Amino acid sequence: MKKKFEKKELINKSKDLSDWYTDVILKAELADYAPIRGCMVFRPYGFAIWENMQRILDSMIKEMGVSNAYFPLLIPYSLLKKEKEHIKGFSPELAVVTHGGGKKISEPLVIRPTSETIIYAMYSKWIKSFRDLPLRINQWCNIVRWEKRCYLFLRTMEFLWQEGHTCHRTHREAKEEVERVMRMYEDFYKDFLAIPGFLGRKSVSEKFAGACDTSAYEILTPNGKVLQACSAHDLGQNFSKPFKISFQDRDGKTKYVWQTCWGLSTRSIGGLIMVHGDDQGLVLPPKIAPVQVIIIPIFGKGKDFNQKILSFSNQIKKEIEKKGVRVKFDGRTQYSPGWKFNEWEIKGVPLRIEIGKDEISGKFLTLVRRDILNERLKIKNEKLKVKVQELLDKIQDNLYKKAKKFLREHTHEVSNYQKFKKIMRQTKGFISAFWCEDPKCEAKIKEETKATIRCLPKKAIEEKGKCLYCLKRANRKWIFAQAY
RNA sequence: CGGGGCAUGGUGUAACGGUAGCACGAGUCCUUUGGGAGGAUUUAGUCCCAGUUCGAAUCUGGGUGCCCCGACCA
């Protein structure tokens, strides 16, 4: 049947990803533009996604033994200056407070672009002995970076994230921490957001300002560009020296601590939207969907009849709720069932239950999966509770498999630079290729193809090969892609 | 920040320098409800600041915001 779309018509995802992206965010009521350049408002539905992510990740962080704390939003400029690479990396995007209480203040205060400096100023006070180590703290907060070009969720001037900051007695311990955290992030992305990706180490030119080593999880979006989904940094002693975070070790000697920091931001919501969405709108993985099941009544003639529909729907809702499923009933009478179907499809609710005359008289229910829209499932009433959970699990699983398939189809092994250029011009995606690890080759490749080094995969092995660009000897295959 | 485009009710659009119109939405009432319901009725607008002009949505300058392409970034 031909649909006559008049309201909330979505732009085709495949036709124009970036228009679709903005459109679906506004129409699904995830977010809206704020009256401040580059800033966005998280609307309740969008914020609920973030709250679910926070809840899950927060418990994972705590399970690792890291505690939450909170540090100030404002950072004295002098503190921020202490680590040279760090200030150099961040100074172009700082928001600075110069006036307070109507007067110019003597030392400008910076709104945190990240909290290393303010946190480490405190750490130097708190750490005295090897017995104080490891010190592992996380904070959930907002960040401001004066970005030139903004994009809902993916790049806004203010964003929300968690940042973990740890101090260790040895470099080895710090490195282990980075690995542990990256494993946690990978699990989070795969198991909850259903997003596969590449985990690995950054090249020198791509690492965090002030880190000696950066690890990241890179995910693929439908247009072949990739997103850095989160990262963890081995800071070495780059910060502990200028910030004087030192301790007396067992041997009586004073040593500087070895540090790590790691973060995951609301950018991940942008990735989630892009990876799973389709022409009908959002498709949310059940594990993080604010509403997992939507019940839509199909009213008819007569008060008694509609009352029956209402009470039956309510009974179904309660039954499902008992199993801990997030379920909502849309009893609005001003909209037709068809209108509601479309509405909740845009919002990406994983499972829909329709309740009308057939359901209240029969012994079955009608269910529709968001990831397979053209199929109406008939479920026996008594099997509902089991089936709902089973279907939610299947949807979660299916979304991951689909994304994984797309990732596999868009990951290429390439040894020839001409072919590399051709892929970057056409489908893009991830390219695995030998690189001699000379930044000059890296820069040239970027200039000529827009592809940058995303990471050296964790699973990479030592092999013999030739650099994609200069043909000199190379020992490892790196992952290239065009970044968002 | 460099290059390009755009800005009209809540949304999408129209109007030669001369009456701001249409559709959707929203409000009220009635009839409807298994894939974006219908009728009646009401409602609301030229992004901001200057300038040109008898007269500006329209022309000029500046600002702001959004989109696209570059540089930067989680």
# chains A, B, ... in the order shown; residues from 1 in each chain; ligands from 1
$ interface_residues --of "chain A" --to "chain B" --cutoff "6 Å" --atoms "only C-alpha atoms (C1' of nucleotides)" --output "mmCIF file with N, CA and C atoms, in the first residue's frame"
data_model
loop_
_atom_site.group_PDB
_atom_site.id
_atom_site.type_symbol
_atom_site.label_atom_id
_atom_site.label_comp_id
_atom_site.auth_asym_id
_atom_site.auth_seq_id
_atom_site.Cartn_x
_atom_site.Cartn_y
_atom_site.Cartn_z
ATOM 1 N N PHE A 299 -8.783 0.963 19.366
ATOM 2 C CA PHE A 299 -10.138 1.162 19.886
ATOM 3 C C PHE A 299 -11.167 0.937 18.796
ATOM 4 N N SER A 336 -4.628 8.011 15.446
ATOM 5 C CA SER A 336 -5.043 6.706 14.941
ATOM 6 C C SER A 336 -3.933 5.694 15.221
ATOM 7 N N GLY A 338 -2.394 3.750 13.166
ATOM 8 C CA GLY A 338 -1.341 3.891 12.156
ATOM 9 C C GLY A 338 -0.386 5.018 12.491
ATOM 10 N N TRP A 339 -0.926 6.100 12.980
ATOM 11 C CA TRP A 339 -0.102 7.247 13.330
ATOM 12 C C TRP A 339 0.863 6.869 14.466
#
$ select_by_dssp --residues "stretch 140-387 of chain A" --states "strand (DSSP E or B)" --output "JSON list (two decimals) with N, CA and C atoms, in the first residue's frame"
[["chain", "number", "residue", "atom", "x", "y", "z"],
["A", 140, "TRP", "N", 31.44, 11.82, 36.67],
["A", 140, "TRP", "CA", 30.47, 12.07, 35.62],
["A", 140, "TRP", "C", 30.26, 13.57, 35.59],
["A", 141, "CYS", "N", 30.45, 14.19, 34.44],
["A", 141, "CYS", "CA", 30.31, 15.64, 34.43],
["A", 141, "CYS", "C", 30.10, 16.17, 33.01],
["A", 142, "ASN", "N", 30.04, 17.49, 32.94],
["A", 142, "ASN", "CA", 29.94, 18.15, 31.64],
["A", 142, "ASN", "C", 31.28, 18.80, 31.30],
["A", 143, "ILE", "N", 31.50, 19.01, 30.01],
["A", 143, "ILE", "CA", 32.76, 19.51, 29.50],
["A", 143, "ILE", "C", 32.46, 20.60, 28.48],
["A", 144, "VAL", "N", 33.30, 21.61, 28.40],
["A", 144, "VAL", "CA", 33.10, 22.64, 27.37],
["A", 144, "VAL", "C", 34.35, 22.77, 26.51],
["A", 151, "TYR", "N", 27.74, 19.46, 15.72],
["A", 151, "TYR", "CA", 26.86, 18.46, 15.15],
["A", 151, "TYR", "C", 26.18, 17.79, 16.33],
["A", 155, "ARG", "N", 29.44, 16.29, 18.09],
["A", 155, "ARG", "CA", 30.39, 17.34, 18.41],
["A", 155, "ARG", "C", 29.62, 18.57, 18.85],
["A", 158, "GLU", "N", 29.25, 21.91, 24.54],
["A", 158, "GLU", "CA", 29.18, 21.29, 25.87],
["A", 158, "GLU", "C", 28.72, 19.85, 25.67],
["A", 159, "PHE", "N", 29.41, 18.93, 26.31],
["A", 159, "PHE", "CA", 28.92, 17.56, 26.24],
["A", 159, "PHE", "C", 29.06, 16.89, 27.60],
["A", 160, "LEU", "N", 28.45, 15.72, 27.74],
["A", 160, "LEU", "CA", 28.48, 15.01, 29.01],
["A", 160, "LEU", "C", 29.35, 13.78, 28.84],
["A", 161, "TRP", "N", 30.05, 13.42, 29.90],
["A", 161, "TRP", "CA", 30.86, 12.20, 29.82],
["A", 161, "TRP", "C", 31.20, 11.68, 31.20],
["A", 162, "GLN", "N", 31.95, 10.61, 31.23],
["A", 162, "GLN", "CA", 32.59, 10.18, 32.45],
["A", 162, "GLN", "C", 34.07, 10.22, 32.15],
["A", 163, "GLU", "N", 34.87, 10.63, 33.15],
["A", 163, "GLU", "CA", 36.32, 10.59, 32.99],
["A", 163, "GLU", "C", 36.91, 9.89, 34.20],
["A", 164, "GLY", "N", 37.67, 8.86, 33.92],
["A", 164, "GLY", "CA", 38.31, 8.13, 35.00],
["A", 164, "GLY", "C", 39.77, 8.56, 35.08],
["A", 165, "HIS", "N", 40.29, 8.69, 36.31],
["A", 165, "HIS", "CA", 41.69, 9.12, 36.49],
["A", 165, "HIS", "C", 42.33, 8.24, 37.55],
["A", 166, "THR", "N", 43.36, 7.53, 37.14],
["A", 166, "THR", "CA", 43.97, 6.62, 38.11],
["A", 166, "THR", "C", 45.47, 6.85, 38.25],
["A", 167, "CYS", "N", 45.97, 6.51, 39.44],
["A", 167, "CYS", "CA", 47.41, 6.61, 39.72],
["A", 167, "CYS", "C", 47.92, 5.25, 40.17],
["A", 168, "HIS", "N", 49.09, 4.88, 39.67],
["A", 168, "HIS", "CA", 49.63, 3.56, 39.99],
["A", 168, "HIS", "C", 51.10, 3.65, 40.40],
["A", 198, "PHE", "N", 36.82, -1.51, 16.11],
["A", 198, "PHE", "CA", 38.23, -1.88, 16.25],
["A", 198, "PHE", "C", 38.81, -1.27, 17.51],
["A", 199, "LEU", "N", 39.45, -2.11, 18.30],
["A", 199, "LEU", "CA", 40.09, -1.64, 19.50],
["A", 199, "LEU", "C", 41.59, -1.68, 19.27],
["A", 200, "GLY", "N", 42.25, -0.58, 19.60],
["A", 200, "GLY", "CA", 43.69, -0.61, 19.43],
["A", 200, "GLY", "C", 44.37, 0.66, 19.87],
["A", 201, "ARG", "N", 45.68, 0.75, 19.57],
["A", 201, "ARG", "CA", 46.48, 1.90, 19.98],
["A", 201, "ARG", "C", 46.57, 2.93, 18.88],
["A", 213, "ASP", "N", 50.59, 7.32, 25.40],
["A", 213, "ASP", "CA", 49.98, 6.30, 24.56],
["A", 213, "ASP", "C", 48.47, 6.39, 24.69],
["A", 214, "THR", "N", 47.77, 6.28, 23.57],
["A", 214, "THR", "CA", 46.31, 6.34, 23.60],
["A", 214, "THR", "C", 45.72, 5.10, 22.97],
["A", 215, "SER", "N", 44.73, 4.51, 23.64],
["A", 215, "SER", "CA", 43.98, 3.40, 23.06],
["A", 215, "SER", "C", 42.56, 3.89, 22.79],
["A", 216, "ALA", "N", 41.95, 3.34, 21.75],
["A", 216, "ALA", "CA", 40.60, 3.80, 21.43],
["A", 216, "ALA", "C", 39.78, 2.67, 20.82],
["A", 217, "TYR", "N", 38.46, 2.89, 20.82],
["A", 217, "TYR", "CA", 37.53, 1.97, 20.16],
["A", 217, "TYR", "C", 36.93, 2.75, 19.00],
["A", 218, "GLU", "N", 37.12, 2.22, 17.79],
["A", 218, "GLU", "CA", 36.70, 2.96, 16.60],
["A", 218, "GLU", "C", 35.50, 2.25, 15.97],
["A", 219, "ILE", "N", 34.45, 3.00, 15.71],
["A", 219, "ILE", "CA", 33.26, 2.38, 15.13],
["A", 219, "ILE", "C", 32.93, 2.96, 13.75],
["A", 220, "LEU", "N", 32.25, 2.16, 12.95],
["A", 220, "LEU", "CA", 31.97, 2.51, 11.56],
["A", 220, "LEU", "C", 30.55, 3.05, 11.41],
["A", 226, "VAL", "N", 34.40, 6.93, 10.16],
["A", 226, "VAL", "CA", 34.45, 6.28, 11.46],
["A", 226, "VAL", "C", 34.50, 7.28, 12.61],
["A", 227, "LEU", "N", 34.08, 6.80, 13.76],
["A", 227, "LEU", "CA", 34.01, 7.61, 14.96],
["A", 227, "LEU", "C", 34.88, 7.01, 16.05],
["A", 228, "GLN", "N", 35.64, 7.87, 16.72],
["A", 228, "GLN", "CA", 36.33, 7.40, 17.91],
["A", 228, "GLN", "C", 35.29, 7.34, 19.01],
["A", 229, "ALA", "N", 34.97, 6.14, 19.47],
["A", 229, "ALA", "CA", 33.82, 5.95, 20.35],
["A", 229, "ALA", "C", 34.15, 6.18, 21.82],
["A", 230, "CYS", "N", 35.41, 6.03, 22.17],
["A", 230, "CYS", "CA", 35.86, 6.27, 23.54],
["A", 230, "CYS", "C", 37.37, 6.04, 23.53],
["A", 231, "SER", "N", 38.04, 6.46, 24.59],
["A", 231, "SER", "CA", 39.48, 6.24, 24.60],
["A", 231, "SER", "C", 40.02, 6.12, 26.02],
["A", 232, "ALA", "N", 41.21, 5.55, 26.11],
["A", 232, "ALA", "CA", 41.89, 5.42, 27.40],
["A", 232, "ALA", "C", 43.35, 5.74, 27.15],
["A", 233, "HIS", "N", 43.95, 6.47, 28.09],
["A", 233, "HIS", "CA", 45.31, 6.96, 27.87],
["A", 233, "HIS", "C", 46.27, 6.51, 28.94],
["A", 234, "ASP", "N", 47.43, 6.11, 28.48],
["A", 234, "ASP", "CA", 48.55, 5.85, 29.39],
["A", 234, "ASP", "C", 49.30, 7.18, 29.48],
["A", 235, "LEU", "N", 49.19, 7.83, 30.62],
["A", 235, "LEU", "CA", 49.79, 9.16, 30.75],
["A", 235, "LEU", "C", 51.25, 9.09, 31.19],
["A", 236, "GLY", "N", 51.73, 7.90, 31.49],
["A", 236, "GLY", "CA", 53.11, 7.77, 31.97],
["A", 236, "GLY", "C", 53.30, 8.62, 33.20],
["A", 246, "SER", "N", 53.83, 12.46, 43.91],
["A", 246, "SER", "CA", 54.89, 11.51, 44.21],
["A", 246, "SER", "C", 54.58, 10.76, 45.50],
["A", 247, "PHE", "N", 55.26, 9.64, 45.68],
["A", 247, "PHE", "CA", 55.01, 8.83, 46.86],
["A", 247, "PHE", "C", 56.33, 8.19, 47.32],
["A", 248, "GLN", "N", 56.33, 7.82, 48.56],
["A", 248, "GLN", "CA", 57.50, 7.11, 49.07],
["A", 248, "GLN", "C", 57.26, 5.62, 48.91],
["A", 254, "THR", "N", 61.55, 8.32, 46.91],
["A", 254, "THR", "CA", 60.40, 9.08, 46.43],
["A", 254, "THR", "C", 60.30, 8.91, 44.91],
["A", 255, "LYS", "N", 59.12, 8.51, 44.47],
["A", 255, "LYS", "CA", 58.91, 8.26, 43.05],
["A", 255, "LYS", "C", 57.64, 8.96, 42.56],
["A", 256, "TYR", "N", 57.62, 9.22, 41.29],
["A", 256, "TYR", "CA", 56.40, 9.78, 40.70],
["A", 256, "TYR", "C", 55.45, 8.67, 40.31],
["A", 258, "TRP", "N", 52.47, 6.63, 38.16],
["A", 258, "TRP", "CA", 52.16, 6.37, 36.75],
["A", 258, "TRP", "C", 50.65, 6.48, 36.62],
["A", 259, "GLN", "N", 50.19, 7.24, 35.61],
["A", 259, "GLN", "CA", 48.77, 7.55, 35.55],
["A", 259, "GLN", "C", 48.05, 7.08, 34.28],
["A", 260, "THR", "N", 46.74, 6.98, 34.42],
["A", 260, "THR", "CA", 45.90, 6.73, 33.24],
["A", 260, "THR", "C", 44.68, 7.64, 33.33],
["A", 261, "CYS", "N", 44.07, 7.91, 32.19],
["A", 261, "CYS", "CA", 42.77, 8.54, 32.20],
["A", 261, "CYS", "C", 41.96, 7.98, 31.03],
["A", 262, "TRP", "N", 40.65, 8.03, 31.16],
["A", 262, "TRP", "CA", 39.80, 7.38, 30.17],
["A", 262, "TRP", "C", 38.40, 7.96, 30.19],
["A", 263, "GLY", "N", 37.77, 8.02, 29.02],
["A", 263, "GLY", "CA", 36.47, 8.67, 28.96],
["A", 263, "GLY", "C", 35.56, 8.14, 27.88],
["A", 264, "LEU", "N", 34.27, 8.27, 28.14],
["A", 264, "LEU", "CA", 33.24, 7.92, 27.16],
["A", 264, "LEU", "C", 32.16, 9.00, 27.27],
["A", 265, "SER", "N", 31.77, 9.57, 26.14],
["A", 265, "SER", "CA", 30.90, 10.74, 26.17],
["A", 265, "SER", "C", 29.55, 10.50, 25.50],
["A", 278, "ASP", "N", 17.21, 3.28, 10.62],
["A", 278, "ASP", "CA", 16.86, 2.97, 9.23],
["A", 278, "ASP", "C", 15.92, 4.04, 8.68],
["A", 281, "GLY", "N", 13.32, 5.42, 10.95],
["A", 281, "GLY", "CA", 13.73, 6.17, 12.14],
["A", 281, "GLY", "C", 14.78, 5.46, 12.97],
["A", 293, "VAL", "N", 9.01, -1.92, 25.21],
["A", 293, "VAL", "CA", 7.78, -2.44, 24.60],
["A", 293, "VAL", "C", 6.74, -1.34, 24.61],
["A", 294, "ILE", "N", 6.11, -1.09, 23.46],
["A", 294, "ILE", "CA", 5.02, -0.12, 23.40],
["A", 294, "ILE", "C", 3.73, -0.88, 23.11],
["A", 295, "ILE", "N", 2.73, -0.62, 23.94],
["A", 295, "ILE", "CA", 1.43, -1.26, 23.72],
["A", 295, "ILE", "C", 0.51, -0.24, 23.06],
["A", 296, "ILE", "N", -0.02, -0.61, 21.90],
["A", 296, "ILE", "CA", -0.92, 0.29, 21.18],
["A", 296, "ILE", "C", -2.31, -0.34, 21.08],
["A", 297, "PRO", "N", -3.28, 0.34, 21.71],
["A", 297, "PRO", "CA", -4.65, -0.17, 21.67],
["A", 297, "PRO", "C", -5.31, 0.19, 20.34],
["A", 327, "VAL", "N", 7.97, -0.94, 29.79],
["A", 327, "VAL", "CA", 6.84, -0.97, 28.87],
["A", 327, "VAL", "C", 5.95, 0.25, 29.04],
["A", 328, "LYS", "N", 5.41, 0.70, 27.92],
["A", 328, "LYS", "CA", 4.57, 1.90, 27.95],
["A", 328, "LYS", "C", 3.30, 1.64, 27.14],
["A", 329, "PHE", "N", 2.21, 2.24, 27.61],
["A", 329, "PHE", "CA", 0.92, 2.09, 26.94],
["A", 329, "PHE", "C", 0.55, 3.44, 26.32],
["A", 351, "LEU", "N", 9.96, -3.29, 20.47],
["A", 351, "LEU", "CA", 8.86, -4.24, 20.32],
["A", 351, "LEU", "C", 7.51, -3.54, 20.50],
["A", 352, "ARG", "N", 6.55, -3.90, 19.63],
["A", 352, "ARG", "CA", 5.21, -3.30, 19.72],
["A", 352, "ARG", "C", 4.18, -4.40, 19.94],
["A", 353, "ILE", "N", 3.24, -4.14, 20.81],
["A", 353, "ILE", "CA", 2.11, -5.07, 21.00],
["A", 353, "ILE", "C", 0.84, -4.33, 20.60],
["A", 354, "GLU", "N", 0.06, -4.94, 19.72],
["A", 354, "GLU", "CA", -1.20, -4.34, 19.29],
["A", 354, "GLU", "C", -2.33, -5.05, 20.00],
["A", 355, "ILE", "N", -3.24, -4.27, 20.56],
["A", 355, "ILE", "CA", -4.37, -4.88, 21.26],
["A", 355, "ILE", "C", -5.68, -4.31, 20.75],
["A", 364, "PHE", "N", -4.50, -15.00, 21.66],
["A", 364, "PHE", "CA", -3.16, -14.65, 21.18],
["A", 364, "PHE", "C", -2.98, -13.14, 21.15],
["A", 365, "LEU", "N", -1.73, -12.73, 21.06],
["A", 365, "LEU", "CA", -1.40, -11.32, 20.98],
["A", 365, "LEU", "C", -0.62, -11.07, 19.69],
["A", 366, "THR", "N", -0.70, -9.82, 19.21],
["A", 366, "THR", "CA", 0.01, -9.46, 17.98],
["A", 366, "THR", "C", 1.22, -8.62, 18.33],
["A", 367, "LEU", "N", 2.40, -9.08, 17.93],
["A", 367, "LEU", "CA", 3.65, -8.36, 18.22],
["A", 367, "LEU", "C", 4.38, -8.02, 16.93],
["A", 368, "VAL", "N", 5.05, -6.88, 16.92],
["A", 368, "VAL", "CA", 5.86, -6.50, 15.76],
["A", 368, "VAL", "C", 7.24, -6.06, 16.25],
["A", 369, "ARG", "N", 8.25, -6.64, 15.64],
["A", 369, "ARG", "CA", 9.63, -6.28, 15.97],
["A", 369, "ARG", "C", 10.05, -5.05, 15.18],
["A", 376, "ARG", "N", 4.02, -9.73, 11.33],
["A", 376, "ARG", "CA", 3.22, -9.65, 12.56],
["A", 376, "ARG", "C", 3.25, -11.00, 13.25],
["A", 377, "LEU", "N", 3.80, -11.01, 14.46],
["A", 377, "LEU", "CA", 3.92, -12.28, 15.18],
["A", 377, "LEU", "C", 2.70, -12.51, 16.04],
["A", 378, "LYS", "N", 2.17, -13.74, 15.98],
["A", 378, "LYS", "CA", 1.03, -14.09, 16.83],
["A", 378, "LYS", "C", 1.56, -14.93, 17.99],
["A", 379, "ILE", "N", 1.38, -14.44, 19.19],
["A", 379, "ILE", "CA", 1.92, -15.11, 20.37],
["A", 379, "ILE", "C", 0.77, -15.51, 21.28],
["A", 380, "LYS", "N", 0.80, -16.74, 21.77],
["A", 380, "LYS", "CA", -0.23, -17.18, 22.71],
["A", 380, "LYS", "C", -0.10, -16.41, 24.01]]
$ residues_around --residues "B:G4" --least-positions-apart "6" --cutoff "12 Å" --atoms "only C-alpha atoms (C1' of nucleotides)" --output "list of chain:residue names"
B:C67, B:C68, B:C69, B:G70
$ write_last_selection --atoms "N, CA and C atoms (P, O5', C5', C4', C3', O3' and C1' of nucleotides)" --output "PDB file, in the first residue's frame"
ATOM      1  P     C B  67      23.704  22.274  11.697  1.00  0.00           P
ATOM      2  O5'   C B  67      23.646  22.146  10.111  1.00  0.00           O
ATOM      3  C5'   C B  67      22.578  21.452   9.469  1.00  0.00           C
ATOM      4  C4'   C B  67      22.722  21.577   7.973  1.00  0.00           C
ATOM      5  C3'   C B  67      24.078  21.187   7.401  1.00  0.00           C
ATOM      6  O3'   C B  67      24.222  19.789   7.264  1.00  0.00           O
ATOM      7  C1'   C B  67      23.406  23.236   6.460  1.00  0.00           C
ATOM      8  P     C B  68      25.686  19.163   7.376  1.00  0.00           P
ATOM      9  O5'   C B  68      26.343  19.545   5.982  1.00  0.00           O
ATOM     10  C5'   C B  68      25.824  19.026   4.770  1.00  0.00           C
ATOM     11  C4'   C B  68      26.562  19.617   3.588  1.00  0.00           C
ATOM     12  C3'   C B  68      28.082  19.509   3.638  1.00  0.00           C
ATOM     13  O3'   C B  68      28.551  18.234   3.261  1.00  0.00           O
ATOM     14  C1'   C B  68      27.488  21.697   3.003  1.00  0.00           C
ATOM     15  P     C B  69      29.879  17.691   3.932  1.00  0.00           P
ATOM     16  O5'   C B  69      31.006  18.533   3.194  1.00  0.00           O
ATOM     17  C5'   C B  69      31.156  18.468   1.780  1.00  0.00           C
ATOM     18  C4'   C B  69      32.249  19.402   1.336  1.00  0.00           C
ATOM     19  C3'   C B  69      33.549  19.327   2.128  1.00  0.00           C
ATOM     20  O3'   C B  69      34.331  18.215   1.764  1.00  0.00           O
ATOM     21  C1'   C B  69      32.971  21.584   1.819  1.00  0.00           C
ATOM     22  P     G B  70      35.417  17.696   2.795  1.00  0.00           P
ATOM     23  O5'   G B  70      36.463  18.911   2.787  1.00  0.00           O
ATOM     24  C5'   G B  70      37.656  18.771   3.474  1.00  0.00           C
ATOM     25  C4'   G B  70      38.467  20.042   3.372  1.00  0.00           C
ATOM     26  C3'   G B  70      39.309  20.322   4.610  1.00  0.00           C
ATOM     27  O3'   G B  70      40.554  19.642   4.542  1.00  0.00           O
ATOM     28  C1'   G B  70      38.074  22.253   4.080  1.00  0.00           C
TER      29        G B  70
END
$ atom_distance --atom1 "atom CA of A:Ser361" --atom2 "atom CA of A:Lys394"
28.5 Å
$ atom_distance --atom1 "atom CA of A:Gly277" --atom2 "atom CA of A:Tyr335"
24.2 Å
$ closest_residue --among "B:G62, B:U13, B:U42, B:C6" --to "B:G27" --atoms "only C-alpha atoms (C1' of nucleotides)"
B:U42
$ residues_around --residues "stretch 20-32 of chain A" --least-positions-apart "3" --cutoff "8 Å" --atoms "only C-alpha atoms (C1' of nucleotides)" --output "JSON, numbers by chain"
{"A": [8, 10, 11, 12, 13, 16, 17, 40, 41, 42, 43, 44, 45, 46, 47, 152, 273, 274, 281, 282, 343, 346, 347]}
$ atom_distance --atom1 "atom CA of A:Thr411" --atom2 "atom CA of A:Val181"
25.1 Å
$ residues_around --residues "B:A50" --least-positions-apart "3" --cutoff "12 Å" --atoms "only C-alpha atoms (C1' of nucleotides)" --output "NGL selection string"
:B and (60-63)
$ write_last_selection --atoms "C-alpha atoms (C1' of nucleotides)" --output "compact mmCIF listing (two decimals), in the first residue's frame"
# COMPACT_ATOMS: atom_id res chain seq x y z
C1' U B 60 22.42 47.64 1.16
C1' G B 61 25.73 46.96 5.52
C1' G B 62 26.64 44.47 10.08
C1' G B 63 25.34 40.58 13.56
$ closest_residue --among "A:Pro35, A:Pro72, A:Pro222, A:Gly101" --to "A:Ser14" --atoms "only C-alpha atoms"
A:Pro222
$ residues_around --residues "B:A15" --least-positions-apart "3" --cutoff "9 Å" --atoms "only C-alpha atoms (C1' of nucleotides)" --output "compact mmCIF listing (two decimals) with N, CA and C atoms (P, O5', C5', C4', C3', O3' and C1' of nucleotides), in the first residue's frame"
# COMPACT_ATOMS: atom_id res chain seq x y z
P A B 20 -0.76 43.53 4.73
O5' A B 20 -0.10 42.18 4.22
C5' A B 20 -0.73 40.97 4.50
C4' A B 20 -0.08 39.86 3.73
C3' A B 20 -0.45 38.47 4.21
O3' A B 20 -1.57 38.00 3.50
C1' A B 20 1.90 38.68 4.14
P G B 21 -2.86 37.60 4.31
O5' G B 21 -3.15 36.11 3.81
C5' G B 21 -3.79 35.92 2.58
C4' G B 21 -3.15 34.80 1.80
C3' G B 21 -3.30 33.39 2.37
O3' G B 21 -4.61 32.88 2.27
C1' G B 21 -1.16 33.67 1.44
P A B 57 8.32 44.51 5.36
O5' A B 57 8.75 42.97 5.36
C5' A B 57 9.87 42.54 6.12
C4' A B 57 10.49 41.33 5.46
C3' A B 57 11.32 41.64 4.22
O3' A B 57 12.64 41.96 4.55
C1' A B 57 9.81 39.85 3.79
